[in-house]
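Below: one structure, written as structure tokens.
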Amino acid sequence: NDTLSISHLCLSGPTVALIRHVSAHWCTRPFLICFFQCQLHPTARGNMAFKPDAKLVGKRVALFVDFMYEDMEAQYPLFRLKEEGAEVVVVSGKPAGTKITGKHGYPIIVEKHIDEVKAADFHAVVLPGGFAPDYMRREKAMLAFISELHEARKPIAAICHGPWMLCSAKKPHPTEDRSVPVCYGLKTTSFVAIKDDVENAGAIFVDEPVACDQNVITSRTPKDMTPWMLKIIEQTQQMA
């Protein structure tokens with residue numbers, strides 16, 4: 001094919017510049033083909049992971065979204081996890097194929113309705129913030145998905161307003177015959193505006209870039225996404 005598209009690959013800026021420069025010369029096309037074949041992990045090429053040392057090959061991660069999600073908090077994990085070889089599935093309470101727009105207008109396409117997925121088929125879930133969690137916490141199936149992942153001790157990553165979901169999803173009380181929020185008794189952080197909600201749900205609020213307690217990984221705002229993502233990758237890598 002004479003058309004060379006690199007927009008869907010997770011490449012660094014210098015790499016993109018290099019490829020664009022080289023691809024301007026037709027005689028170098030064989031070099032580019034060899035370059036891609038060597039760099040893409042052999043078992044992750046279908047997912048276009050551009051790291052020979054990808055850490056999450058064979059892992060499946062659910063990315064929950066709804067309208068008015070915080071754009072960066074969904075888009076960055078989407079591509080960062082793909083870069084590590086993970087299969088990321090965009091899940092929503094809206095039908096598959098729905099174009100969901102974020103707070104700043106950036107779109108994402110729903111791949112699976114929440115009723116079409118099972119928690120047992122995933123290794124982790126990512127819960128972005130924005131206003132979306134206020135919609136998502138009304139979806140009983142989404143809350144049940146989170147509860148099942150927590151019971152299985154699989155990573156649950158929430159940022160900004162995402163921990164609202166951890167207030168609404170339930171788990172058994174450790175010593176009493178009743179249900180409590182998933183964040184109950186866990187060190188948790190979030191956007192400061194929902195600190196009271198998190199504490200009222202029984203969590204131990206900490207004002208830190210990342211709080212990791214058991215399998216629950218929480219963060220405050222987009223500026224904290226780098227350490228948050230590193231912890232998500234670390235914990236998901238450990239899943240069998």
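Naming scheme: A, B, ... for chains in displayed order of the structure tokens; residues 1 onward per chain; ligands 1 onward as shown.
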
Can I get the residues of stretch 52-84 of chain A within 6 Å of stretch 103-122 of chain A, each with the closest pair of atoms and their distance in Å to one decimal, using only C-alpha atoms, sorted chain first then ascending number, as a Markdown table?
```
| residue | atom | partner | partner_atom | distance |
| --- | --- | --- | --- | --- |
| A:Arg60 | CA | A:Phe122 | CA | 5.0 |
| A:Val61 | CA | A:Phe122 | CA | 5.7 |
| A:Met68 | CA | A:Lys103 | CA | 4.4 |
| A:Tyr69 | CA | A:Lys103 | CA | 5.8 |
| A:Glu70 | CA | A:Lys103 | CA | 5.6 |
```

Generate the output file for the selected residues, N, CA, C and O atoms, as a tab-separated table (two decimals), in the first residue's frame.
```
chain	number	residue	atom	x	y	z
A	60	ARG	N	-5.90	-7.69	29.75
A	60	ARG	CA	-7.09	-7.00	29.26
A	60	ARG	C	-7.54	-6.00	30.31
A	60	ARG	O	-7.73	-6.34	31.48
A	61	VAL	N	-7.72	-4.76	29.89
A	61	VAL	CA	-8.10	-3.68	30.82
A	61	VAL	C	-9.38	-3.02	30.32
A	61	VAL	O	-9.49	-2.66	29.14
A	68	MET	N	-18.92	13.63	29.28
A	68	MET	CA	-18.27	14.62	30.14
A	68	MET	C	-17.14	14.02	30.98
A	68	MET	O	-16.82	14.51	32.06
A	69	TYR	N	-16.52	12.94	30.45
A	69	TYR	CA	-15.33	12.43	31.13
A	69	TYR	C	-14.21	13.46	31.00
A	69	TYR	O	-14.20	14.29	30.09
A	70	GLU	N	-13.26	13.42	31.91
A	70	GLU	CA	-12.08	14.29	31.81
A	70	GLU	C	-11.18	13.72	30.72
A	70	GLU	O	-10.63	12.62	30.87
```

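Minimum distance to A:Glu84 across A:Val126, A:Val182, A:Val57, A:Val65 (counting only C-alpha atoms) occurs at A:Val57.
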
Residue contacts of A:Ala203 (10 Å, only C-alpha atoms) excluding same-chain residues fewer than 3 positions away, as JSON, numbers by chain: {"A": [166, 167, 181, 182, 183, 184, 185, 186, 187, 188, 189, 195, 196, 197, 198, 199, 200, 206]}

How would you write, as a PyMOL selection string, the set of residues in stretch 135-167 of chain A that DSSP gives as strand (DSSP E or B)? chain A and resi 156-159

Considering only C-alpha atoms, return as a compact mmCIF listing (two decimals) with N, CA and C atoms, in the first residue's frame whatever protein or nucleic-acid residues lie within 12 Å of A:Met165, sequence-local ones (same chain, fewer than 2 positions apart) excluded.
```txt
# COMPACT_ATOMS: atom_id res chain seq x y z
N PHE A 64 -13.71 2.52 31.67
CA PHE A 64 -15.10 2.96 31.80
C PHE A 64 -15.22 4.42 31.37
N VAL A 65 -16.22 4.72 30.55
CA VAL A 65 -16.43 6.11 30.12
C VAL A 65 -17.92 6.43 30.05
N VAL A 125 -9.37 -2.41 35.77
CA VAL A 125 -10.32 -1.41 35.27
C VAL A 125 -9.78 -0.03 35.58
N VAL A 126 -10.01 0.92 34.66
CA VAL A 126 -9.61 2.31 34.85
C VAL A 126 -10.86 3.18 34.87
N LEU A 127 -10.95 4.05 35.88
CA LEU A 127 -12.11 4.91 36.08
C LEU A 127 -11.67 6.38 36.00
N PRO A 128 -11.83 7.02 34.84
CA PRO A 128 -11.46 8.44 34.73
C PRO A 128 -12.45 9.33 35.46
N GLY A 129 -12.06 10.60 35.62
CA GLY A 129 -12.92 11.54 36.33
C GLY A 129 -13.74 12.40 35.40
N PHE A 131 -17.20 14.65 34.87
CA PHE A 131 -18.57 14.45 35.37
C PHE A 131 -19.05 13.03 35.11
N ALA A 132 -18.32 12.28 34.27
CA ALA A 132 -18.74 10.93 33.88
C ALA A 132 -19.05 10.00 35.06
N PRO A 133 -18.25 10.01 36.14
CA PRO A 133 -18.56 9.08 37.24
C PRO A 133 -19.95 9.29 37.85
N ASP A 134 -20.48 10.52 37.74
CA ASP A 134 -21.82 10.76 38.27
C ASP A 134 -22.87 10.01 37.46
N TYR A 135 -22.59 9.81 36.16
CA TYR A 135 -23.47 8.98 35.32
C TYR A 135 -23.20 7.50 35.57
N MET A 136 -21.91 7.15 35.60
CA MET A 136 -21.54 5.73 35.68
C MET A 136 -21.95 5.09 37.00
N ARG A 137 -21.95 5.86 38.07
CA ARG A 137 -22.31 5.27 39.37
C ARG A 137 -23.78 4.90 39.44
N ARG A 138 -24.57 5.34 38.45
CA ARG A 138 -25.99 4.96 38.38
C ARG A 138 -26.19 3.64 37.65
N GLU A 139 -25.12 3.14 37.04
CA GLU A 139 -25.18 1.87 36.30
C GLU A 139 -24.84 0.72 37.26
N LYS A 140 -25.87 -0.04 37.63
CA LYS A 140 -25.66 -1.13 38.59
C LYS A 140 -24.64 -2.15 38.08
N ALA A 141 -24.64 -2.38 36.77
CA ALA A 141 -23.72 -3.37 36.22
C ALA A 141 -22.27 -2.90 36.33
N MET A 142 -22.05 -1.59 36.21
CA MET A 142 -20.69 -1.06 36.36
C MET A 142 -20.22 -1.21 37.80
N LEU A 143 -21.10 -0.94 38.73
CA LEU A 143 -20.74 -1.08 40.14
C LEU A 143 -20.47 -2.55 40.48
N ALA A 144 -21.28 -3.45 39.93
CA ALA A 144 -21.08 -4.88 40.17
C ALA A 144 -19.73 -5.34 39.59
N PHE A 145 -19.36 -4.80 38.43
CA PHE A 145 -18.08 -5.12 37.80
C PHE A 145 -16.93 -4.74 38.74
N ILE A 146 -17.01 -3.55 39.31
CA ILE A 146 -15.97 -3.08 40.23
C ILE A 146 -15.92 -3.96 41.47
N SER A 147 -17.08 -4.30 42.00
CA SER A 147 -17.13 -5.16 43.20
C SER A 147 -16.49 -6.52 42.92
N ILE A 156 -7.96 -1.77 40.51
CA ILE A 156 -9.04 -0.81 40.23
C ILE A 156 -8.41 0.57 40.35
N ALA A 157 -8.31 1.28 39.22
CA ALA A 157 -7.62 2.57 39.20
C ALA A 157 -8.63 3.69 38.96
N ALA A 158 -8.67 4.65 39.87
CA ALA A 158 -9.61 5.76 39.76
C ALA A 158 -8.88 7.07 40.00
N ILE A 159 -9.27 8.10 39.26
CA ILE A 159 -8.63 9.40 39.38
C ILE A 159 -9.66 10.51 39.41
N CYS A 160 -9.31 11.62 40.08
CA CYS A 160 -10.16 12.82 40.11
C CYS A 160 -11.51 12.51 40.77
N HIS A 161 -12.62 12.57 40.01
CA HIS A 161 -13.94 12.21 40.53
C HIS A 161 -14.22 10.72 40.40
N GLY A 162 -13.27 9.98 39.79
CA GLY A 162 -13.45 8.54 39.62
C GLY A 162 -13.72 7.79 40.92
N PRO A 163 -13.09 8.17 42.06
CA PRO A 163 -13.36 7.48 43.32
C PRO A 163 -14.82 7.52 43.78
N CYS A 167 -17.15 4.75 46.06
CA CYS A 167 -18.09 5.03 47.14
C CYS A 167 -19.42 4.30 46.91
N SER A 168 -19.75 4.10 45.65
CA SER A 168 -21.05 3.49 45.31
C SER A 168 -20.97 1.97 45.17
N ALA A 169 -19.86 1.45 44.67
CA ALA A 169 -19.68 -0.01 44.57
C ALA A 169 -19.47 -0.58 45.97
N LYS A 170 -19.96 -1.78 46.19
CA LYS A 170 -19.94 -2.35 47.55
C LYS A 170 -19.04 -3.57 47.67
N PRO A 181 -18.84 0.50 51.21
CA PRO A 181 -18.22 0.92 49.94
C PRO A 181 -16.85 0.26 49.72
N VAL A 182 -16.49 0.07 48.48
CA VAL A 182 -15.21 -0.55 48.14
C VAL A 182 -14.05 0.20 48.76
N CYS A 183 -14.15 1.53 48.85
CA CYS A 183 -13.04 2.32 49.42
C CYS A 183 -13.02 2.31 50.95
N SER A 190 -8.22 11.65 45.86
CA SER A 190 -9.18 12.04 44.82
C SER A 190 -9.04 13.54 44.59
N ILE A 194 -14.27 16.09 46.24
CA ILE A 194 -15.06 14.95 46.72
C ILE A 194 -14.40 14.29 47.94
N ASP A 197 -16.99 13.14 50.37
CA ASP A 197 -17.70 11.93 49.92
C ASP A 197 -16.87 10.68 50.20
N VAL A 198 -15.57 10.79 49.91
CA VAL A 198 -14.67 9.66 50.12
C VAL A 198 -14.56 9.33 51.60
N ALA A 201 -17.62 7.75 52.99
CA ALA A 201 -17.75 6.35 52.57
C ALA A 201 -16.84 5.44 53.40
N VAL A 216 -6.52 -1.16 45.08
CA VAL A 216 -7.16 0.10 44.69
C VAL A 216 -6.11 1.20 44.54
N THR A 218 -5.60 5.12 43.48
CA THR A 218 -6.31 6.38 43.27
C THR A 218 -5.35 7.54 43.08
```

Point-to-point distance from atom CA of A:Gln235 to atom CA of A:Pro155, Å rounded to tenths: 6.4 Å

Please report the interatomic distance between atom CA of A:Lys223 and atom CA of A:Tyr76 in Å with one decimal. 11.6 Å

Neighbouring residues of A:Met72 were defined as those with any atom within 9 Å, considering only C-alpha atoms; residues of the same chain fewer than 5 positions away were excluded. Please report them as a PyMOL selection string. chain A and resi 77+102+128+222+225

Store the residues picked out above in a file with C-alpha atoms, as a PDB file, in the first residue's frame.
```pdb
ATOM      1  CA  PRO A  77      -4.413   5.586  30.005  1.00  0.00           C
ATOM      2  CA  GLY A 102     -15.239  14.499  27.027  1.00  0.00           C
ATOM      3  CA  PRO A 128     -11.460   8.443  34.725  1.00  0.00           C
ATOM      4  CA  PRO A 222      -4.234  14.996  35.510  1.00  0.00           C
ATOM      5  CA  MET A 225      -1.138  10.800  35.956  1.00  0.00           C
TER       6      MET A 225
END
```

To one decimal place, how far is atom CA of A:Pro209 from atom CA of A:Val192 in Å?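 Computing the Euclidean distance for atom CA of A:Pro209 and atom CA of A:Val192 yields 11.7 Å.
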